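Source file: query15.pdb; contents: PDB, C-alpha atoms.
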ATOM      1  CA  MET I   1     113.437 108.232  92.308  1.00  0.00           C
ATOM      2  CA  THR I   2     112.000 106.110  95.118  1.00  0.00           C
ATOM      3  CA  THR I   3     109.725 103.226  94.174  1.00  0.00           C
ATOM      4  CA  ILE I   4     106.572 103.258  96.277  1.00  0.00           C
ATOM      5  CA  ASP I   5     105.700  99.878  97.750  1.00  0.00           C
ATOM      6  CA  ALA I   6     102.007  99.021  97.223  1.00  0.00           C
ATOM      7  CA  GLU I   7     101.601  97.724 100.787  1.00  0.00           C
ATOM      8  CA  TRP I   8     103.198 100.882 102.224  1.00  0.00           C
ATOM      9  CA  LEU I   9     100.886 103.046 100.095  1.00  0.00           C
ATOM     10  CA  GLU I  10      97.820 101.139 101.266  1.00  0.00           C
ATOM     11  CA  ASP I  11      98.881 101.534 104.917  1.00  0.00           C
ATOM     12  CA  PHE I  12      99.721 105.206 104.317  1.00  0.00           C
ATOM     13  CA  ASP I  13      96.267 105.833 102.828  1.00  0.00           C
ATOM     14  CA  ARG I  14      94.637 104.023 105.732  1.00  0.00           C
ATOM     15  CA  ALA I  15      96.558 106.242 108.171  1.00  0.00           C
ATOM     16  CA  LEU I  16      95.705 109.420 106.235  1.00  0.00           C
ATOM     17  CA  LEU I  17      92.036 108.451 106.196  1.00  0.00           C
ATOM     18  CA  SER I  18      91.935 107.716 109.912  1.00  0.00           C
ATOM     19  CA  LEU I  19      93.805 110.880 110.901  1.00  0.00           C
ATOM     20  CA  PHE I  20      92.702 113.444 108.323  1.00  0.00           C
ATOM     21  CA  ALA I  21      89.795 111.860 106.393  1.00  0.00           C
ATOM     22  CA  ILE I  22      91.670 112.169 103.080  1.00  0.00           C
ATOM     23  CA  SER I  23      93.550 109.778 100.798  1.00  0.00           C
ATOM     24  CA  HIS I  24      96.809 110.526  99.013  1.00  0.00           C
ATOM     25  CA  GLY I  25      94.902 110.818  95.733  1.00  0.00           C
ATOM     26  CA  GLU I  26      92.428 113.317  97.191  1.00  0.00           C
ATOM     27  CA  ALA I  27      95.380 115.267  98.596  1.00  0.00           C
ATOM     28  CA  GLY I  28      96.892 115.461  95.106  1.00  0.00           C
ATOM     29  CA  MET I  29     100.089 113.653  96.073  1.00  0.00           C
ATOM     30  CA  ASP I  30     102.141 112.537  93.087  1.00  0.00           C
ATOM     31  CA  ALA I  31     104.960 109.961  93.006  1.00  0.00           C
ATOM     32  CA  TYR I  32     107.574 112.595  93.821  1.00  0.00           C
ATOM     33  CA  MET I  33     105.714 113.793  96.918  1.00  0.00           C
ATOM     34  CA  LEU I  34     105.019 110.234  98.074  1.00  0.00           C
ATOM     35  CA  GLY I  35     108.734 109.538  97.724  1.00  0.00           C
ATOM     36  CA  CYS I  36     109.467 112.350 100.167  1.00  0.00           C
ATOM     37  CA  TYR I  37     107.666 110.380 102.893  1.00  0.00           C
ATOM     38  CA  ALA I  38     108.329 106.783 101.790  1.00  0.00           C
ATOM     39  CA  ASP I  39     111.314 106.340 104.105  1.00  0.00           C
ATOM     40  CA  LEU I  40     108.992 106.682 107.134  1.00  0.00           C
ATOM     41  CA  GLU I  41     106.554 104.161 108.559  1.00  0.00           C
ATOM     42  CA  PRO I  42     103.080 104.748 107.026  1.00  0.00           C
ATOM     43  CA  ARG I  43     101.434 106.257 110.124  1.00  0.00           C
ATOM     44  CA  GLU I  44     104.507 108.367 110.854  1.00  0.00           C
ATOM     45  CA  ALA I  45     104.502 109.526 107.216  1.00  0.00           C
ATOM     46  CA  ALA I  46     100.817 110.450 107.424  1.00  0.00           C
ATOM     47  CA  MET I  47     101.424 112.492 110.570  1.00  0.00           C
ATOM     48  CA  ALA I  48     104.426 114.212 108.967  1.00  0.00           C
ATOM     49  CA  TYR I  49     102.428 115.023 105.817  1.00  0.00           C
ATOM     50  CA  GLY I  50      99.553 116.376 107.918  1.00  0.00           C
ATOM     51  CA  ASN I  51     101.902 118.525 109.948  1.00  0.00           C
ATOM     52  CA  ASP I  52     103.752 119.779 106.855  1.00  0.00           C
ATOM     53  CA  TYR I  53     100.506 120.866 105.197  1.00  0.00           C
ATOM     54  CA  ASP I  54      98.557 121.912 108.317  1.00  0.00           C
ATOM     55  CA  LEU I  55      95.807 119.352 107.806  1.00  0.00           C
ATOM     56  CA  ALA I  56      93.064 119.360 110.420  1.00  0.00           C
ATOM     57  CA  ARG I  57      92.694 116.061 112.237  1.00  0.00           C
ATOM     58  CA  THR I  58      89.334 114.323 112.107  1.00  0.00           C
ATOM     59  CA  PRO I  59      87.281 115.323 115.174  1.00  0.00           C
ATOM     60  CA  LEU I  60      86.201 111.753 115.928  1.00  0.00           C
ATOM     61  CA  LEU I  61      89.746 110.734 116.834  1.00  0.00           C
ATOM     62  CA  TRP I  62      91.172 114.134 117.774  1.00  0.00           C
ATOM     63  CA  PRO I  63      88.387 116.240 119.318  1.00  0.00           C
ATOM     64  CA  VAL I  64      88.710 120.004 119.101  1.00  0.00           C
ATOM     65  CA  PRO I  65      89.787 121.364 122.516  1.00  0.00           C
ATOM     66  CA  GLY I  66      86.742 122.451 124.493  1.00  0.00           C
ATOM     67  CA  LEU I  67      84.335 120.496 122.282  1.00  0.00           C
ATOM     68  CA  VAL I  68      81.892 118.381 124.280  1.00  0.00           C
ATOM     69  CA  LEU I  69      80.685 115.233 122.533  1.00  0.00           C
ATOM     70  CA  HIS I  70      77.282 113.924 123.599  1.00  0.00           C
ATOM     71  CA  ASN I  71      76.056 110.338 123.295  1.00  0.00           C
TER      72      ASN I  71
END
Please re-express this file's structure in structure tokens.
Amino acid sequence: MTTIDAEWLEDFDRALLSLFAISHGEAGMDAYMLGCYADLEPREAAMAYGNDYDLARTPLLWPVPGLVLHN
């Protein structure tokens, strides 16, 4: 089983939060699932996890097509 580096996990959570507004704990990821992504860079792993589980990206960073944001 892969040992999860604390720094990697912190960076992974930061990436998940910025992309999908969710942490690994909120997503229900256990050590086994984290190990499936641990060989990737944290941001790359977050994108892969989001794509694998069809997570919706946060609209502040990834606006919905056709959505007009007003100031």
Coordinates-based distance that separates CA of Ala46 in chain I from CA of Arg14 in chain I (Å, one decimal):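 CA of Ala46 in chain I lies 9.1 Å from CA of Arg14 in chain I.
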Coordinates-based distance that separates CA of Leu19 in chain I from CA of Gly50 in chain I (Å, one decimal):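 Computed distance, CA of Gly50 in chain I to CA of Leu19 in chain I, equals 8.5 Å.
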Gap from CA of His24 in chain I to CA of Leu9 in chain I - Å, one decimal: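 For CA of His24 in chain I relative to CA of Leu9 in chain I, the distance reads 8.6 Å.
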Explicit residues for the PyMOL selection byres ((chain I and resi 33-38) around 10) (as a list of chain:residue names):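 Listing what the PyMOL selection byres ((chain I and resi 33-38) around 10) selects in the shown file: I:Met1, I:Thr2, I:Thr3, I:Ile4, I:Asp5, I:Trp8, I:Leu9, I:Phe12, I:His24, I:Gly28, I:Met29, I:Asp30, I:Ala31, I:Tyr32, I:Asp39, I:Leu40, I:Glu41, I:Pro42, I:Glu44, I:Ala45, I:Ala46, I:Ala48, I:Tyr49.
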For the residues in that selection, give me C-alpha atoms as a PDB file, keeping the file's coordinate frame.
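Result file part09.pdb:
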ATOM      1  CA  MET I   1     113.437 108.232  92.308  1.00  0.00           C
ATOM      2  CA  THR I   2     112.000 106.110  95.118  1.00  0.00           C
ATOM      3  CA  THR I   3     109.725 103.226  94.174  1.00  0.00           C
ATOM      4  CA  ILE I   4     106.572 103.258  96.277  1.00  0.00           C
ATOM      5  CA  ASP I   5     105.700  99.878  97.750  1.00  0.00           C
ATOM      6  CA  TRP I   8     103.198 100.882 102.224  1.00  0.00           C
ATOM      7  CA  LEU I   9     100.886 103.046 100.095  1.00  0.00           C
ATOM      8  CA  PHE I  12      99.721 105.206 104.317  1.00  0.00           C
ATOM      9  CA  HIS I  24      96.809 110.526  99.013  1.00  0.00           C
ATOM     10  CA  GLY I  28      96.892 115.461  95.106  1.00  0.00           C
ATOM     11  CA  MET I  29     100.089 113.653  96.073  1.00  0.00           C
ATOM     12  CA  ASP I  30     102.141 112.537  93.087  1.00  0.00           C
ATOM     13  CA  ALA I  31     104.960 109.961  93.006  1.00  0.00           C
ATOM     14  CA  TYR I  32     107.574 112.595  93.821  1.00  0.00           C
ATOM     15  CA  ASP I  39     111.314 106.340 104.105  1.00  0.00           C
ATOM     16  CA  LEU I  40     108.992 106.682 107.134  1.00  0.00           C
ATOM     17  CA  GLU I  41     106.554 104.161 108.559  1.00  0.00           C
ATOM     18  CA  PRO I  42     103.080 104.748 107.026  1.00  0.00           C
ATOM     19  CA  GLU I  44     104.507 108.367 110.854  1.00  0.00           C
ATOM     20  CA  ALA I  45     104.502 109.526 107.216  1.00  0.00           C
ATOM     21  CA  ALA I  46     100.817 110.450 107.424  1.00  0.00           C
ATOM     22  CA  ALA I  48     104.426 114.212 108.967  1.00  0.00           C
ATOM     23  CA  TYR I  49     102.428 115.023 105.817  1.00  0.00           C
TER      24      TYR I  49
END
Taking every listed atom of range 38-51 of chain I and adding 3 Å to each side, what centre and edge lengths in Å (one decimal) does the axis-aligned box have, as lines of an AutoDock Vina configuration file?
center_x = 105.4
center_y = 111.3
center_z = 106.3
size_x = 17.8
size_y = 20.4
size_z = 15.1
Nearest-residue call for Ala27 in chain I, choices I:Asn51, I:Arg43, I:Ala6, I:Asp13, using all atoms listed in the file: I:Asp13
Would you kindly place all heavy atoms on range 11-22 of chain I and return the model as a short mmCIF file (atom, residue, chain, number, x, y, z; two decimals), in the coordinates of the input?
data_model
loop_
_atom_site.label_atom_id
_atom_site.label_comp_id
_atom_site.auth_asym_id
_atom_site.auth_seq_id
_atom_site.Cartn_x
_atom_site.Cartn_y
_atom_site.Cartn_z
N ASP I 11 98.82 101.20 103.49
CA ASP I 11 98.88 101.53 104.92
C ASP I 11 98.93 103.05 105.13
O ASP I 11 98.33 103.57 106.06
CB ASP I 11 100.08 100.87 105.59
CG ASP I 11 99.95 99.36 105.67
OD1 ASP I 11 98.81 98.84 105.52
OD2 ASP I 11 100.98 98.69 105.87
N PHE I 12 99.65 103.75 104.25
CA PHE I 12 99.72 105.21 104.32
C PHE I 12 98.34 105.82 104.09
O PHE I 12 97.91 106.70 104.85
CB PHE I 12 100.72 105.71 103.27
CG PHE I 12 100.84 107.20 103.20
CD1 PHE I 12 101.39 107.93 104.24
CD2 PHE I 12 100.44 107.89 102.06
CE1 PHE I 12 101.52 109.32 104.16
CE2 PHE I 12 100.56 109.26 101.97
CZ PHE I 12 101.11 109.98 103.02
N ASP I 13 97.63 105.34 103.08
CA ASP I 13 96.27 105.83 102.83
C ASP I 13 95.35 105.56 104.01
O ASP I 13 94.55 106.42 104.39
CB ASP I 13 95.68 105.19 101.57
CG ASP I 13 95.79 106.07 100.35
OD1 ASP I 13 96.04 107.29 100.50
OD2 ASP I 13 95.64 105.55 99.24
N ARG I 14 95.46 104.37 104.57
CA ARG I 14 94.64 104.02 105.73
C ARG I 14 94.92 104.99 106.89
O ARG I 14 94.00 105.46 107.56
CB ARG I 14 94.91 102.58 106.16
CG ARG I 14 93.88 102.02 107.12
CD ARG I 14 94.07 100.54 107.42
NE ARG I 14 94.06 99.73 106.22
CZ ARG I 14 95.08 98.99 105.78
NH1 ARG I 14 96.21 98.95 106.45
NH2 ARG I 14 94.99 98.27 104.69
N ALA I 15 96.19 105.31 107.11
CA ALA I 15 96.56 106.24 108.17
C ALA I 15 96.05 107.65 107.87
O ALA I 15 95.51 108.33 108.75
CB ALA I 15 98.07 106.24 108.37
N LEU I 16 96.21 108.10 106.61
CA LEU I 16 95.70 109.42 106.24
C LEU I 16 94.19 109.50 106.44
O LEU I 16 93.69 110.50 106.96
CB LEU I 16 96.02 109.72 104.77
CG LEU I 16 97.39 110.25 104.42
CD1 LEU I 16 97.52 110.40 102.91
CD2 LEU I 16 97.68 111.57 105.09
N LEU I 17 93.49 108.46 106.04
CA LEU I 17 92.04 108.45 106.20
C LEU I 17 91.62 108.49 107.66
O LEU I 17 90.69 109.21 108.03
CB LEU I 17 91.43 107.23 105.50
CG LEU I 17 91.39 107.31 103.98
CD1 LEU I 17 91.07 105.94 103.38
CD2 LEU I 17 90.39 108.34 103.52
N SER I 18 92.32 107.75 108.50
CA SER I 18 91.94 107.72 109.91
C SER I 18 92.29 109.01 110.64
O SER I 18 91.59 109.43 111.55
CB SER I 18 92.58 106.53 110.62
OG SER I 18 93.97 106.70 110.77
N LEU I 19 93.37 109.65 110.23
CA LEU I 19 93.80 110.88 110.90
C LEU I 19 93.20 112.15 110.32
O LEU I 19 92.86 113.08 111.07
CB LEU I 19 95.33 111.00 110.84
CG LEU I 19 96.12 109.95 111.61
CD1 LEU I 19 97.59 110.00 111.22
CD2 LEU I 19 95.95 110.17 113.10
N PHE I 20 93.08 112.20 108.99
CA PHE I 20 92.70 113.44 108.32
C PHE I 20 91.52 113.31 107.36
O PHE I 20 91.17 114.28 106.70
CB PHE I 20 93.91 114.01 107.57
CG PHE I 20 95.12 114.19 108.44
CD1 PHE I 20 96.21 113.35 108.31
CD2 PHE I 20 95.16 115.18 109.39
CE1 PHE I 20 97.33 113.50 109.11
CE2 PHE I 20 96.27 115.35 110.21
CZ PHE I 20 97.35 114.51 110.07
N ALA I 21 90.95 112.11 107.26
CA ALA I 21 89.80 111.86 106.39
C ALA I 21 90.08 112.23 104.94
O ALA I 21 89.24 112.82 104.25
CB ALA I 21 88.55 112.58 106.91
N ILE I 22 91.28 111.89 104.47
CA ILE I 22 91.67 112.17 103.08
C ILE I 22 92.64 111.08 102.62
O ILE I 22 93.38 110.53 103.43
CB ILE I 22 92.33 113.57 102.97
CG1 ILE I 22 92.44 114.02 101.51
CG2 ILE I 22 93.66 113.63 103.70
CD1 ILE I 22 92.82 115.48 101.36
#
